Amino acid sequence: MTEVDFDAGPFWLGGAGIGNLQHAISDDDAHATVDAAWDVGVRGFDTAPHYGLGLSERRLGAALAGRSRDAYLVSTKVGRLLVPGPGDGSDDDGFAVPNDLVRQWDPSASGVRRSLDESLGRLGLDHVDVAYLHDPDVYDLAAGLSQALPALAALRDEGVVRAVGVGSNSVAALSAAVDTGLCDVVMLAGRYTLLEQPAASLVERCAALGVAVVAVGVFNSGLLSTPRPVAGTTYDYAEAPRAVIDRANAIADVCERHGVSLPEAAVAFPRRAAAVRAIALGAQSAAQVRENAARAAVSVPDAVWADLRAAGLLGA
């Protein structure tokens, strides 16, 4: 498998936020977010056509322009082509952007190549380092793994990209992707976190097979991003159930006894696994980037994990 050093600083910057996830930010704020990430040592940047209907890719490319291309890594995704939309309102998929473009699932080899070419145009780059098949389980997992993933592997073998894989929040989908033997890496969203680890066996299997894991969604879409989750906080992009909030606060109790905050432990947890080569953290401001960098710099005592296991709040 193609080797990529995914350790590109304290974390990778996740690009959904600068694509106007949930709410709009200005071009200047997006640029400042990327600049702040660079200033704290981040050298890995993840994006996708899905994020703001191309807005994230355009903003990321503009912010990275002028920097030595050898100094950083970029990943993007394929599977969703952007095609003309009605232009009569806003995107209905969580991003505060106009719907002058819409997403079109296309797992074909030609669709994969077109998607990557168009991403390179928006980024202003001649190559990306990593290309993921994005959320194939949302559309047609079988077609994604039988068509798009081999097409990505062919691009890797041609030297167009250095590493390929699949990104999803579905453990079953990522397990099936690993079964193909074509993945260098999987992007695992929200399923291997301090709160819950349904992907634990997958992560162990990836370690055995030499498949890298990039863990994302480590805050479970907001729940673990504050020291004390309260009613109304989000979990998997919806309002968190009371039982989930209570579990998060029980974890916080243990962390605080060791002088560690819940977000600090949430950032540290996935990085303990041998297969997890990096984490990606999203941000929509320079301040959020600096806050995440401070969290990533905290050394969490082993006693935290031991006490969480003893309390039944963390798997073995």
# chains A, B, ... in the order shown; residues from 1 in each chain; ligands from 1

call {"tool": "residues_around", "arguments": {"residues": "Ala240 in chain A", "least_positions_apart": "3", "cutoff": "10 Å", "atoms": "only C-alpha atoms", "output": "VMD selection string"}}
result
chain A and resid 220 to 223 229 to 237 243 to 246

call {"tool": "select_by_dssp", "arguments": {"residues": "range 170-246 of chain A", "states": "strand (DSSP E or B)", "output": "number ranges by chain"}}
result
A: 185-189, 212-216, 234-235, 238-239

call {"tool": "select_by_dssp", "arguments": {"residues": "range 132-269 of chain A", "states": "alpha helix (DSSP H)", "output": "PyMOL selection string"}}
result
chain A and resi 136-139+141-143+149-157+171-179+200-209+242-257+262-268

call {"tool": "closest_residue", "arguments": {"among": "A:Val216, A:Ala278, A:Val138, A:Leu224", "to": "Val42 in chain A", "atoms": "only C-alpha atoms"}}
result
A:Ala278

call {"tool": "residues_around", "arguments": {"residues": "Glu57 in chain A", "least_positions_apart": "4", "cutoff": "8 Å", "atoms": "only C-alpha atoms", "output": "list in words"}}
result
Gly15, Gly19, Thr47, Ala48, Pro49, Tyr51, Gly61, Ser119, Arg122 and Leu123 of chain A

call {"tool": "write_last_selection", "arguments": {"atoms": "C-alpha atoms", "output": "tab-separated table (two decimals), in the first residue's frame"}}
result
chain	number	residue	atom	x	y	z
A	15	GLY	CA	-13.06	21.60	6.19
A	19	GLY	CA	-17.93	25.41	3.94
A	47	THR	CA	-12.22	18.89	2.52
A	48	ALA	CA	-14.91	17.60	0.13
A	49	PRO	CA	-17.23	18.81	-2.65
A	51	TYR	CA	-18.92	20.76	2.17
A	61	GLY	CA	-7.34	26.50	-1.91
A	119	SER	CA	-11.98	19.37	-6.92
A	122	ARG	CA	-11.64	24.49	-7.02
A	123	LEU	CA	-8.57	23.92	-4.84

call {"tool": "closest_residue", "arguments": {"among": "A:Arg113, A:Lys77, A:Arg272, A:Arg103", "to": "Val130 in chain A", "atoms": "only C-alpha atoms"}}
result
A:Lys77

call {"tool": "closest_residue", "arguments": {"among": "A:Arg162, A:Arg114, A:Arg67, A:His50", "to": "Asp129 in chain A", "atoms": "only C-alpha atoms"}}
result
A:Arg162

call {"tool": "residues_around", "arguments": {"residues": "Trp38 in chain A", "least_positions_apart": "4", "cutoff": "12 Å", "atoms": "only C-alpha atoms", "output": "PyMOL selection string"}}
result
chain A and resi 8-13+31-34+42-45+60+63-64+67+71-73+286+289-290+293

call {"tool": "write_last_selection", "arguments": {"atoms": "C-alpha atoms", "output": "short mmCIF file (atom, residue, chain, number, x, y, z; two decimals), in the first residue's frame"}}
result
data_model
loop_
_atom_site.label_atom_id
_atom_site.label_comp_id
_atom_site.auth_asym_id
_atom_site.auth_seq_id
_atom_site.Cartn_x
_atom_site.Cartn_y
_atom_site.Cartn_z
CA ALA A 8 0.70 16.29 9.81
CA GLY A 9 0.77 18.31 13.00
CA PRO A 10 -1.39 18.24 16.13
CA PHE A 11 -4.47 17.40 14.03
CA TRP A 12 -5.86 17.82 10.53
CA LEU A 13 -8.18 20.76 9.92
CA HIS A 31 -9.06 32.36 5.55
CA ALA A 32 -8.19 33.29 9.14
CA THR A 33 -9.24 29.82 10.28
CA VAL A 34 -6.82 28.16 7.86
CA VAL A 42 -1.37 21.94 11.30
CA ARG A 43 -0.15 20.62 7.95
CA GLY A 44 -3.06 18.36 7.00
CA PHE A 45 -6.30 19.71 5.55
CA LEU A 60 -9.15 26.14 1.40
CA ALA A 63 -6.00 30.18 1.91
CA LEU A 64 -3.21 27.75 1.04
CA ARG A 67 2.53 28.09 0.48
CA ALA A 71 4.82 21.49 3.09
CA TYR A 72 1.26 20.20 3.59
CA LEU A 73 -1.20 17.39 2.83
CA ALA A 286 -9.19 31.21 14.41
CA VAL A 289 -8.51 26.40 16.03
CA ARG A 290 -6.38 27.73 18.88
CA ALA A 293 -4.66 23.13 19.59
#

call {"tool": "closest_atom_pairs", "arguments": {"of": "range 120-165 of chain A", "to": "range 187-193 of chain A", "cutoff": "12 Å", "atoms": "only C-alpha atoms", "output": "tab-separated table"}}
result
residue	atom	partner	partner_atom	distance
A:Val130	CA	A:Met187	CA	10.7
A:Ala131	CA	A:Met187	CA	10.4
A:Tyr132	CA	A:Met187	CA	7.8
A:Leu133	CA	A:Met187	CA	9.6
A:His134	CA	A:Met187	CA	9.2
A:Asp135	CA	A:Met187	CA	10.0
A:Val164	CA	A:Met187	CA	10.2
A:Gly165	CA	A:Met187	CA	7.6

call {"tool": "atom_distance", "arguments": {"atom1": "CA of Arg247 in chain A", "atom2": "CA of Ala303 in chain A"}}
result
18.8 Å

call {"tool": "residues_around", "arguments": {"residues": "Gly210 in chain A", "least_positions_apart": "3", "cutoff": "12 Å", "atoms": "only C-alpha atoms", "output": "count of residues only"}}
result
22

call {"tool": "residues_around", "arguments": {"residues": "Val254 in chain A", "least_positions_apart": "6", "cutoff": "7 Å", "atoms": "only C-alpha atoms", "output": "count of residues only"}}
result
3

call {"tool": "atom_distance", "arguments": {"atom1": "CA of Leu81 in chain A", "atom2": "CA of Gln104 in chain A"}}
result
5.0 Å

call {"tool": "closest_residue", "arguments": {"among": "A:Leu141, A:Val298, A:Leu155, A:Val74", "to": "Val112 in chain A", "atoms": "only C-alpha atoms"}}
result
A:Leu155

call {"tool": "atom_distance", "arguments": {"atom1": "CA of Trp105 in chain A", "atom2": "CA of Asp140 in chain A"}}
result
8.9 Å

call {"tool": "closest_residue", "arguments": {"among": "A:Ser115, A:Ser108, A:Ser90, A:Ser225", "to": "Val78 in chain A", "atoms": "only C-alpha atoms"}}
result
A:Ser115

call {"tool": "residues_around", "arguments": {"residues": "Ile18 in chain A", "least_positions_apart": "2", "cutoff": "9 Å", "atoms": "only C-alpha atoms", "output": "list of chain:residue names"}}
result
A:Gly14, A:Gly15, A:Ala16, A:Asn20, A:Leu21, A:Ala24, A:Ile25, A:Ser26, A:Asp27, A:Asp29, A:Ala30, A:His31, A:Thr33, A:Val34, A:Tyr51, A:Gly52, A:Leu55, A:Ser56, A:Glu57, A:Arg59, A:Leu60, A:Gly282, A:Ala283, A:Gln284, A:Ser285

call {"tool": "write_last_selection", "arguments": {"atoms": "N, CA and C atoms", "output": "compact mmCIF listing (two decimals), in the first residue's frame"}}
result
# COMPACT_ATOMS: atom_id res chain seq x y z
N GLY A 14 -10.44 19.91 9.68
CA GLY A 14 -11.60 19.45 8.94
C GLY A 14 -12.28 20.62 8.26
N GLY A 15 -12.62 20.47 6.98
CA GLY A 15 -13.06 21.60 6.19
C GLY A 15 -14.54 21.86 6.11
N ALA A 16 -15.37 21.10 6.82
CA ALA A 16 -16.81 21.35 6.73
C ALA A 16 -17.17 22.73 7.26
N ASN A 20 -19.35 26.60 5.50
CA ASN A 20 -20.61 27.13 6.05
C ASN A 20 -21.51 26.04 6.64
N LEU A 21 -20.91 25.09 7.35
CA LEU A 21 -21.70 24.08 8.04
C LEU A 21 -22.60 24.74 9.09
N ALA A 24 -23.38 30.49 8.13
CA ALA A 24 -22.42 31.11 7.22
C ALA A 24 -21.32 31.83 8.00
N ILE A 25 -20.11 31.78 7.44
CA ILE A 25 -19.02 32.62 7.90
C ILE A 25 -18.48 33.35 6.67
N SER A 26 -17.71 34.40 6.90
CA SER A 26 -17.20 35.19 5.79
C SER A 26 -15.97 34.53 5.19
N ASP A 27 -15.62 34.95 3.97
CA ASP A 27 -14.39 34.49 3.35
C ASP A 27 -13.19 34.85 4.22
N ASP A 29 -13.09 35.17 7.51
CA ASP A 29 -13.03 34.29 8.67
C ASP A 29 -12.54 32.90 8.28
N ALA A 30 -12.96 32.43 7.11
CA ALA A 30 -12.49 31.13 6.64
C ALA A 30 -10.98 31.16 6.42
N HIS A 31 -10.50 32.22 5.80
CA HIS A 31 -9.06 32.36 5.55
C HIS A 31 -8.31 32.43 6.88
N THR A 33 -9.19 31.15 9.67
CA THR A 33 -9.24 29.82 10.28
C THR A 33 -8.10 28.95 9.76
N VAL A 34 -7.91 28.95 8.45
CA VAL A 34 -6.82 28.16 7.86
C VAL A 34 -5.46 28.73 8.29
N TYR A 51 -18.99 19.71 1.16
CA TYR A 51 -18.92 20.76 2.17
C TYR A 51 -19.19 22.12 1.53
N GLY A 52 -20.42 22.55 1.65
CA GLY A 52 -20.79 23.85 1.12
C GLY A 52 -20.88 23.89 -0.39
N LEU A 55 -17.74 25.17 -1.70
CA LEU A 55 -17.22 26.37 -1.04
C LEU A 55 -16.00 26.06 -0.18
N SER A 56 -16.03 24.95 0.55
CA SER A 56 -14.89 24.60 1.39
C SER A 56 -13.63 24.42 0.56
N GLU A 57 -13.74 23.73 -0.56
CA GLU A 57 -12.57 23.51 -1.40
C GLU A 57 -12.03 24.84 -1.94
N ARG A 59 -12.38 27.89 -0.68
CA ARG A 59 -11.78 28.68 0.39
C ARG A 59 -10.46 28.08 0.86
N LEU A 60 -10.39 26.76 0.96
CA LEU A 60 -9.15 26.14 1.40
C LEU A 60 -8.04 26.40 0.39
N GLY A 282 -12.77 20.07 13.07
CA GLY A 282 -13.30 21.19 12.31
C GLY A 282 -13.27 22.47 13.11
N ALA A 283 -13.37 23.58 12.41
CA ALA A 283 -13.40 24.89 13.06
C ALA A 283 -13.98 25.91 12.09
N GLN A 284 -14.54 26.98 12.67
CA GLN A 284 -15.08 28.07 11.86
C GLN A 284 -14.49 29.42 12.25
N SER A 285 -13.44 29.39 13.05
CA SER A 285 -12.78 30.63 13.44
C SER A 285 -11.37 30.32 13.90

call {"tool": "closest_residue", "arguments": {"among": "A:Pro270, A:Pro150, A:Gly66, A:Pro84", "to": "Gly124 in chain A", "atoms": "only C-alpha atoms"}}
result
A:Gly66

call {"tool": "decode", "arguments": {"residues": "range 95-113 of chain A", "atoms": "N, CA and C atoms", "output": "mmCIF file, in the first residue's frame"}}
result
data_model
loop_
_atom_site.group_PDB
_atom_site.id
_atom_site.type_symbol
_atom_site.label_atom_id
_atom_site.label_comp_id
_atom_site.auth_asym_id
_atom_site.auth_seq_id
_atom_site.Cartn_x
_atom_site.Cartn_y
_atom_site.Cartn_z
ATOM 1 N N PHE A 95 -25.729 22.971 5.025
ATOM 2 C CA PHE A 95 -24.767 24.034 4.747
ATOM 3 C C PHE A 95 -25.499 25.298 4.326
ATOM 4 N N ALA A 96 -25.044 26.420 4.871
ATOM 5 C CA ALA A 96 -25.696 27.712 4.610
ATOM 6 C C ALA A 96 -25.132 28.307 3.323
ATOM 7 N N VAL A 97 -25.552 27.731 2.204
ATOM 8 C CA VAL A 97 -25.123 28.174 0.869
ATOM 9 C C VAL A 97 -26.325 28.105 -0.063
ATOM 10 N N PRO A 98 -26.298 28.846 -1.173
ATOM 11 C CA PRO A 98 -27.392 28.781 -2.152
ATOM 12 C C PRO A 98 -27.417 27.415 -2.840
ATOM 13 N N ASN A 99 -28.589 27.054 -3.335
ATOM 14 C CA ASN A 99 -28.723 25.770 -4.024
ATOM 15 C C ASN A 99 -28.577 25.913 -5.538
ATOM 16 N N ASP A 100 -27.628 26.756 -5.950
ATOM 17 C CA ASP A 100 -27.370 26.858 -7.380
ATOM 18 C C ASP A 100 -26.632 25.631 -7.906
ATOM 19 N N LEU A 101 -26.103 24.823 -6.989
ATOM 20 C CA LEU A 101 -25.558 23.510 -7.301
ATOM 21 C C LEU A 101 -26.256 22.481 -6.421
ATOM 22 N N VAL A 102 -26.293 21.242 -6.889
ATOM 23 C CA VAL A 102 -26.815 20.140 -6.084
ATOM 24 C C VAL A 102 -25.877 18.952 -6.227
ATOM 25 N N ARG A 103 -25.990 18.014 -5.304
ATOM 26 C CA ARG A 103 -25.138 16.833 -5.310
ATOM 27 C C ARG A 103 -25.772 15.727 -6.154
ATOM 28 N N GLN A 104 -24.931 15.031 -6.906
ATOM 29 C CA GLN A 104 -25.401 13.910 -7.726
ATOM 30 C C GLN A 104 -24.460 12.723 -7.499
ATOM 31 N N TRP A 105 -25.021 11.640 -6.994
ATOM 32 C CA TRP A 105 -24.229 10.436 -6.742
ATOM 33 C C TRP A 105 -23.765 9.840 -8.063
ATOM 34 N N ASP A 106 -22.478 9.588 -8.187
ATOM 35 C CA ASP A 106 -21.926 8.972 -9.387
ATOM 36 C C ASP A 106 -20.706 8.149 -9.002
ATOM 37 N N PRO A 107 -20.876 6.820 -8.839
ATOM 38 C CA PRO A 107 -19.758 5.977 -8.431
ATOM 39 C C PRO A 107 -18.937 5.446 -9.603
ATOM 40 N N SER A 108 -19.272 5.844 -10.829
ATOM 41 C CA SER A 108 -18.583 5.300 -11.990
ATOM 42 C C SER A 108 -17.134 5.783 -12.037
ATOM 43 N N ALA A 109 -16.312 5.066 -12.792
ATOM 44 C CA ALA A 109 -14.915 5.470 -12.941
ATOM 45 C C ALA A 109 -14.809 6.862 -13.550
ATOM 46 N N SER A 110 -15.651 7.149 -14.548
ATOM 47 C CA SER A 110 -15.622 8.480 -15.154
ATOM 48 C C SER A 110 -16.089 9.536 -14.166
ATOM 49 N N GLY A 111 -17.080 9.199 -13.332
ATOM 50 C CA GLY A 111 -17.548 10.134 -12.316
ATOM 51 C C GLY A 111 -16.491 10.426 -11.278
ATOM 52 N N VAL A 112 -15.739 9.395 -10.889
ATOM 53 C CA VAL A 112 -14.658 9.578 -9.915
ATOM 54 C C VAL A 112 -13.590 10.499 -10.481
ATOM 55 N N ARG A 113 -13.201 10.271 -11.715
ATOM 56 C CA ARG A 113 -12.167 11.112 -12.322
ATOM 57 C C ARG A 113 -12.667 12.546 -12.501
#
